[in-house]
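Beneath this line is the structure, given in structure tokens, with notes to follow.
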Amino acid sequence: MSLNTNDNTTESTTAPDTFHLHCTINGQPIERDVEVDRSLLSFLRDDLGLTGTKGSCLEGECGSCTVLIDGVPFNSCVTLAGRVNGRSVTTIEGFAQDDKPAILQEKFLETGSVQCGYCSPGLILTAYALLQANPEITEEELIKGMEANICRCTGYTAIIEALRRARREMLK
Amino acid sequence: MPSSTESNKPDTMPQVEPLAGQSCKRIDGADKVAGRAMYGADLFPGQAELFAKVVRSPEAHARVLSLDTSKALAVEGVVGVYTHKDVGGTNRHGLIRRDHPVLVEDHVRYRGDALALVVAKSERAAESARDLVEAHFEKLPVIGTIDQALASGAPKIHPDGNVMGDKRIRKGDVEAALRTSDVVVSDTFETQTTDHAFLDLEAGIARWDGELLTIHAAGQWVHEERRLVALALGLGPERIRIIQPCTGGAFGGREDISIQIHLGLAALHHPGKTIALRYSRSESMIARHKRHALRIHYTLGAKRDGTLTAARIVVYSDEGAYASTGIAVMRKAASHATGPLRVPNVSVDVYGVHTNNNPTGAMRGFGACQMAIASNGIIERLARVLKMGPVTLFEKNLIEPGDEVTTGQHPENITIKECLRAALDKFHSKPYPNDPLPPHLKRGWGVSVMCFGLGYGDGFPDCSRAKVAIDEQGIITVYTGGVDVGQGLLNMAAQVAGTELGAKLEHVRVVAADTGRTDESGSSSATRQTYFTGNAVRMAASELREQLLDITGNCLKVHPHEISLGPGGAKNTPGFAYETANPDNHMSLGDLVREGKKRGYPLEARAMFKPRTVPGDPNTGKSPKAFVTYLFGAHVSQVLVDIETGETRVERHIGCHDVGKAINPQSVEGQIAGGVAQGIGMALMEEVVMRDGRMLNPGFTDYIVPTIRDIPPVEAIYLEHDDPGGPYGAHGVGEPPLIGAVPAVLAAIYNATGAAPNKLPCNPENMWWMLNDPQRRGDFTVTQAM
């Protein structure tokens, strides 16, 4: 009788099968049993306590939950945890381990790109992946590549400036 | 006498750059970009012991005949299923009228109404059980539109009927003035229902230890939320503590109660257990209040030379199922009906009508935004009839110092002409593109003007409090009940206190929005926190400064007027007090505090800022001071419209606002750019689509908000004409940028296409109809044409 409310986990009434997952999260090997229908977002947050990855639309539209899987950005809300078996996942917590991500974070802060901050981890990870994947990326391509990450506070003006400045420094 | 070492000497003597006016980085920013900031749902891991889920009605309008919870209770892991019978207090909430049931007794009024609350050992079990609560209904006719609600014989959504209330304004003799006008122009503007779409979903935890109910949940006014929880659950407010976690946006969408009472209810039934409750995106959209859709009938008269004579405005507002802040929104719509235009004769009637749609309440702009669409739009139409440029017509009719606004108030600082001029200068500083366009593309530009009464206004008590303290390390702590939802209240408070006390930002802490530790400071809404809480913080910090100067005077044997406070030197220590003319005679703030304690000084100070406003006359709406102050702004937008597909792209957008004083210029520019983006979203794409009480697009796949590719870099300008009532002359900026943005985009579309938009949003579908259906194209009426 209830609404279909597209929940954080699943709708099934019986306990689902589990899957034995091996992966690397932020450089650390991880081995856990997870339900086969568990999202990567829920696995990271609820099982591993890595709450820097944010859930928002829960249907792959806003990019708040972006993580890097082998360096490529994915929406963790619509990625099953089992999909990262044998792969390497980077979340915002594991991010500032060399100085290049810190450049992005610093540029976000200095340009006023952080208001409520809820979109910031996803935006930073997406931008980092784009800059890493293509050192020749143009400013236009970089901005275009960010269109799957929604920010509701800033109007993107400051974010565009942060991306410009980070691109200049990271590509030096 | 304690004295500091030479290397620690203050290094910025004698003048310290005040923090108020600097683009300091967000004090919570480093945690946010590192993923360390703790939002509501981030409190779950390691803390949540039981999970609650809300059972929501699948019917929009019905009598509840029975509710069977037995199957839900039988689900493994379920520890309780609660209905209205389990609620100890009034079972009601609501910011103005307490009409919204925590759990429905017998009458379902919209599809978000809560029927029951399930509590289980896992979220999965709670979700499974939620779907097994069986309700039997007697369906009632669903009232999906204002017209259905007003039809004779329509079922009553509330015992008093479907008209929730009305607001009126009467100034001069409108009918006589319209009869003698050379031109009279009329149109009907339909604005849409929109969603706040903040990213941080409603989520929080609560615990009842037998003495105190502690709730961690994001709202916009923790002390009011405590009152509402107390009333609904029948628990004294002194036994409730509400703490705001880090909050990912609000925009008015957290003003009404969301999870707080349900969390408290579950906690009271499970003492000693930490309860967790969160919404999915669709539940968030289905449950939460929305922006009012208004239907605005606007008639405007003018003389042949463009001088406005009279406005007759009738507004119908879809209030949805419950009152929320609707009455205040109606009042704000009425009092802003003519914006910053000089109109000698005005009549406004606003009718709020209940439907079985979502309750409608606060959202950035709060009624003033919809009225700006109509008042700017009707001027655009009049300009065409008079064959005048819209800018010329605006400039002719903008209020000037000494003039009055819709309510008869004479604002102290009227700077709308300066705003419009600055926005236009910026626009014209770049050449207008004259590249040849293919025939299906049309370019245009347009302007808008806006004003906004700050604060609750109309005699409603409006108050902020603050406490400022200093410790033996010289660290300053500001305590305020105000919430930071991302807008930057923490920086505002820290920068104001730091300015008064000559401190660097890193030596100022802010404790905010915790009913257990902070005094009530009103809501983060109505663009009020910089003005209200900023003043309270400044007053408290100023009193603390006096204590410090007295202590210093005593210790250094100089008179307080000869003493300065300044930040520390090379070692970046907290600040110093020193003799202004002889900085070598100084002592550290830490030493000062220790000396002060010996002398019995409190070393903290509290302040309250509570300016009064005057309620409008019930028959005329007239008030000498409906609002504490007025804010002004003007926008210019440039668009490119594809008249074949109806797609519109904003190419440039300039927003100019007089903020009195920018306490943090970067935050001000961020508010302008963010408000413009939400305004572009409202103008072009956002719409909650309701059919017979059912929301058709409760998710971001179908509820479209702007992405980085939809918004050009916003050209934000702020003017600083001191507001005599604000801290350092500041007033605020939160809502005005959205209010100004929408009508400027619509004016640009009109200029580009020759068709006058009056139905929002201007998405491809509505644009196509407007451009291709002769009935709709330019369908405003001209009843007297010179």
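The chains in the structure tokens are called A, B, ... from first to last as shown; in each chain the residues are counted from 1, and the ligands are counted from 1 in the order shown.
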(Q) Just list as a VMD selection string whatever in segment 417-621 of chain B DSSP marks as alpha helix (DSSP H). (A) chain B and resid 417 to 428 489 to 501 529 to 556 589 to 598
Closest atom pairs, residues of chain B within 6 Å of chain A, only C-alpha atoms, as JSON lines:
{"residue": "B:Lys32", "atom": "CA", "partner": "A:Gly117", "partner_atom": "CA", "distance": 5.4}
{"residue": "B:Val33", "atom": "CA", "partner": "A:Ser120", "partner_atom": "CA", "distance": 5.7}
{"residue": "B:Gly35", "atom": "CA", "partner": "A:Gly52", "partner_atom": "CA", "distance": 3.9}
{"residue": "B:Asp42", "atom": "CA", "partner": "A:Thr51", "partner_atom": "CA", "distance": 5.4}
{"residue": "B:Pro45", "atom": "CA", "partner": "A:Gly49", "partner_atom": "CA", "distance": 5.6}
{"residue": "B:Pro58", "atom": "CA", "partner": "A:Leu3", "partner_atom": "CA", "distance": 5.9}
{"residue": "B:Ser128", "atom": "CA", "partner": "A:Thr13", "partner_atom": "CA", "distance": 5.3}
{"residue": "B:Asp131", "atom": "CA", "partner": "A:Ser2", "partner_atom": "CA", "distance": 5.1}
{"residue": "B:Leu199", "atom": "CA", "partner": "A:Ser56", "partner_atom": "CA", "distance": 5.4}
{"residue": "B:Gly248", "atom": "CA", "partner": "A:Cys116", "partner_atom": "CA", "distance": 4.6}
{"residue": "B:Gly249", "atom": "CA", "partner": "A:Cys116", "partner_atom": "CA", "distance": 5.5}
{"residue": "B:Ser280", "atom": "CA", "partner": "A:Asp7", "partner_atom": "CA", "distance": 5.3}
{"residue": "B:Arg281", "atom": "CA", "partner": "A:Cys57", "partner_atom": "CA", "distance": 5.4}
{"residue": "B:Ser282", "atom": "CA", "partner": "A:Thr5", "partner_atom": "CA", "distance": 5.4}
{"residue": "B:Glu283", "atom": "CA", "partner": "A:Thr5", "partner_atom": "CA", "distance": 5.6}
{"residue": "B:Gly486", "atom": "CA", "partner": "A:Cys116", "partner_atom": "CA", "distance": 3.5}
{"residue": "B:Gly670", "atom": "CA", "partner": "A:Thr154", "partner_atom": "CA", "distance": 5.6}
{"residue": "B:Ala673", "atom": "CA", "partner": "A:Gly155", "partner_atom": "CA", "distance": 4.9}
{"residue": "B:Gly674", "atom": "CA", "partner": "A:Gly155", "partner_atom": "CA", "distance": 4.0}
{"residue": "B:Ala677", "atom": "CA", "partner": "A:Gly155", "partner_atom": "CA", "distance": 4.7}
{"residue": "B:Thr707", "atom": "CA", "partner": "A:Glu147", "partner_atom": "CA", "distance": 5.6}
{"residue": "B:Ile708", "atom": "CA", "partner": "A:Glu147", "partner_atom": "CA", "distance": 5.4}
{"residue": "B:Pro713", "atom": "CA", "partner": "A:Thr157", "partner_atom": "CA", "distance": 4.8}
{"residue": "B:Val714", "atom": "CA", "partner": "A:Thr157", "partner_atom": "CA", "distance": 5.9}
Could the residues in this selection be written to a file with N, CA and C atoms, as a PDB file, in the first residue's frame?
ATOM      1  N   LYS B  32      34.664  20.492   4.837  1.00  0.00           N
ATOM      2  CA  LYS B  32      33.723  20.129   3.769  1.00  0.00           C
ATOM      3  C   LYS B  32      34.447  19.552   2.555  1.00  0.00           C
ATOM      4  N   VAL B  33      35.544  20.166   2.145  1.00  0.00           N
ATOM      5  CA  VAL B  33      36.220  19.654   0.944  1.00  0.00           C
ATOM      6  C   VAL B  33      36.979  18.365   1.220  1.00  0.00           C
ATOM      7  N   GLY B  35      35.661  15.982   3.101  1.00  0.00           N
ATOM      8  CA  GLY B  35      34.689  14.933   3.418  1.00  0.00           C
ATOM      9  C   GLY B  35      34.567  14.675   4.911  1.00  0.00           C
ATOM     10  N   ASP B  42      25.481  11.409   8.071  1.00  0.00           N
ATOM     11  CA  ASP B  42      26.837  10.987   8.421  1.00  0.00           C
ATOM     12  C   ASP B  42      26.942  10.586   9.890  1.00  0.00           C
ATOM     13  N   PRO B  45      26.653   5.925  10.981  1.00  0.00           N
ATOM     14  CA  PRO B  45      27.601   4.844  11.244  1.00  0.00           C
ATOM     15  C   PRO B  45      28.154   4.927  12.667  1.00  0.00           C
ATOM     16  N   PRO B  58      -0.929   6.663   0.317  1.00  0.00           N
ATOM     17  CA  PRO B  58      -0.972   6.540  -1.149  1.00  0.00           C
ATOM     18  C   PRO B  58      -2.156   7.312  -1.740  1.00  0.00           C
ATOM     19  N   SER B 128      10.834  -2.835   4.712  1.00  0.00           N
ATOM     20  CA  SER B 128       9.948  -3.949   4.397  1.00  0.00           C
ATOM     21  C   SER B 128       8.639  -3.815   5.171  1.00  0.00           C
ATOM     22  N   ASP B 131       5.989  -1.190   4.059  1.00  0.00           N
ATOM     23  CA  ASP B 131       5.124  -1.556   2.939  1.00  0.00           C
ATOM     24  C   ASP B 131       4.027  -2.528   3.348  1.00  0.00           C
ATOM     25  N   LEU B 199      20.626  19.510  -1.660  1.00  0.00           N
ATOM     26  CA  LEU B 199      21.215  18.202  -1.954  1.00  0.00           C
ATOM     27  C   LEU B 199      21.232  17.265  -0.745  1.00  0.00           C
ATOM     28  N   GLY B 248      23.353  20.707   4.304  1.00  0.00           N
ATOM     29  CA  GLY B 248      23.583  20.899   2.886  1.00  0.00           C
ATOM     30  C   GLY B 248      22.450  21.603   2.178  1.00  0.00           C
ATOM     31  N   GLY B 249      22.309  22.881   2.447  1.00  0.00           N
ATOM     32  CA  GLY B 249      21.312  23.692   1.755  1.00  0.00           C
ATOM     33  C   GLY B 249      19.955  23.640   2.426  1.00  0.00           C
ATOM     34  N   SER B 280      14.546   9.161   1.436  1.00  0.00           N
ATOM     35  CA  SER B 280      15.103   9.047   0.094  1.00  0.00           C
ATOM     36  C   SER B 280      14.779  10.358  -0.640  1.00  0.00           C
ATOM     37  N   ARG B 281      15.304  10.555  -1.827  1.00  0.00           N
ATOM     38  CA  ARG B 281      14.986  11.771  -2.585  1.00  0.00           C
ATOM     39  C   ARG B 281      13.493  11.852  -2.885  1.00  0.00           C
ATOM     40  N   SER B 282      12.901  10.726  -3.280  1.00  0.00           N
ATOM     41  CA  SER B 282      11.479  10.810  -3.640  1.00  0.00           C
ATOM     42  C   SER B 282      10.628  11.092  -2.408  1.00  0.00           C
ATOM     43  N   GLU B 283      10.979  10.491  -1.271  1.00  0.00           N
ATOM     44  CA  GLU B 283      10.207  10.798  -0.057  1.00  0.00           C
ATOM     45  C   GLU B 283      10.383  12.266   0.323  1.00  0.00           C
ATOM     46  N   GLY B 486      24.674  26.711   4.824  1.00  0.00           N
ATOM     47  CA  GLY B 486      25.552  26.834   3.664  1.00  0.00           C
ATOM     48  C   GLY B 486      25.724  28.271   3.227  1.00  0.00           C
ATOM     49  N   GLY B 670      28.728  34.994  -3.953  1.00  0.00           N
ATOM     50  CA  GLY B 670      28.240  33.617  -4.026  1.00  0.00           C
ATOM     51  C   GLY B 670      26.738  33.542  -3.874  1.00  0.00           C
ATOM     52  N   ALA B 673      25.288  34.827  -7.246  1.00  0.00           N
ATOM     53  CA  ALA B 673      25.403  33.842  -8.326  1.00  0.00           C
ATOM     54  C   ALA B 673      24.468  32.657  -8.080  1.00  0.00           C
ATOM     55  N   GLY B 674      24.404  32.194  -6.830  1.00  0.00           N
ATOM     56  CA  GLY B 674      23.534  31.060  -6.523  1.00  0.00           C
ATOM     57  C   GLY B 674      22.064  31.394  -6.692  1.00  0.00           C
ATOM     58  N   ALA B 677      21.248  31.455 -10.351  1.00  0.00           N
ATOM     59  CA  ALA B 677      21.116  30.106 -10.923  1.00  0.00           C
ATOM     60  C   ALA B 677      19.754  29.505 -10.568  1.00  0.00           C
ATOM     61  N   THR B 707      22.409  22.693 -14.431  1.00  0.00           N
ATOM     62  CA  THR B 707      23.768  22.160 -14.307  1.00  0.00           C
ATOM     63  C   THR B 707      24.753  23.263 -14.670  1.00  0.00           C
ATOM     64  N   ILE B 708      26.014  22.911 -14.599  1.00  0.00           N
ATOM     65  CA  ILE B 708      27.078  23.887 -14.887  1.00  0.00           C
ATOM     66  C   ILE B 708      26.976  24.429 -16.320  1.00  0.00           C
ATOM     67  N   PRO B 713      28.730  32.224 -16.435  1.00  0.00           N
ATOM     68  CA  PRO B 713      29.335  32.855 -15.256  1.00  0.00           C
ATOM     69  C   PRO B 713      28.531  34.104 -14.885  1.00  0.00           C
ATOM     70  N   VAL B 714      28.007  34.112 -13.682  1.00  0.00           N
ATOM     71  CA  VAL B 714      27.118  35.208 -13.277  1.00  0.00           C
ATOM     72  C   VAL B 714      27.956  36.438 -12.957  1.00  0.00           C
TER      73      VAL B 714
END
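Taking atom CA of Ile69 of chain A and atom CA of Arg278 of chain B as the two end points, the separation is 27.0 Å.
Distances to Gln244 of chain B were evaluated for B:Ile275, B:Val705, B:Leu501, B:Val511 using only C-alpha atoms, and the minimum falls at B:Val511.
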Q) Using only C-alpha atoms, which residues sit within 6 Å of Val67 of chain A once same-chain residues fewer than 4 positions away are excluded, as a list in words? A)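 Those residues are Pro73, Phe74, Thr90 and Thr91 of chain A.
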Q | Shell of 6 Å around Ser76 of chain A, only C-alpha atoms, local chain residues under 5 positions omitted, as a list in words | A |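 Listed by chain and then number, they are Leu40, Leu41, Cys65 and Thr66 of chain A.
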Q | Near-Pro618 of chain B list (8 Å; only C-alpha atoms; drop same-chain fewer than 3 positions) as a VMD selection string | A | chain B and resid 167 to 168 621
Q. DSSP on the backbone: what in segment 665-719 of chain B comes out strand (DSSP E), as number ranges by chain?
A. B: 690-691, 694-695, 715-719
So that each row is one residue of segment 216-333 of chain B with an atom at most 9 Å from segment 381-395 of chain B, can you give its shortest atom pair and the distance in Å to one decimal, using only C-alpha atoms, rows by chain and rising number, as JSON lines?
{"residue": "B:Leu300", "atom": "CA", "partner": "B:Leu382", "partner_atom": "CA", "distance": 8.1}
{"residue": "B:Gly301", "atom": "CA", "partner": "B:Leu382", "partner_atom": "CA", "distance": 8.6}
{"residue": "B:Ala302", "atom": "CA", "partner": "B:Leu382", "partner_atom": "CA", "distance": 8.2}
{"residue": "B:Arg304", "atom": "CA", "partner": "B:Leu386", "partner_atom": "CA", "distance": 7.1}
{"residue": "B:Asp305", "atom": "CA", "partner": "B:Leu386", "partner_atom": "CA", "distance": 8.0}
{"residue": "B:Gly306", "atom": "CA", "partner": "B:Leu393", "partner_atom": "CA", "distance": 6.2}
{"residue": "B:Thr307", "atom": "CA", "partner": "B:Leu393", "partner_atom": "CA", "distance": 8.1}
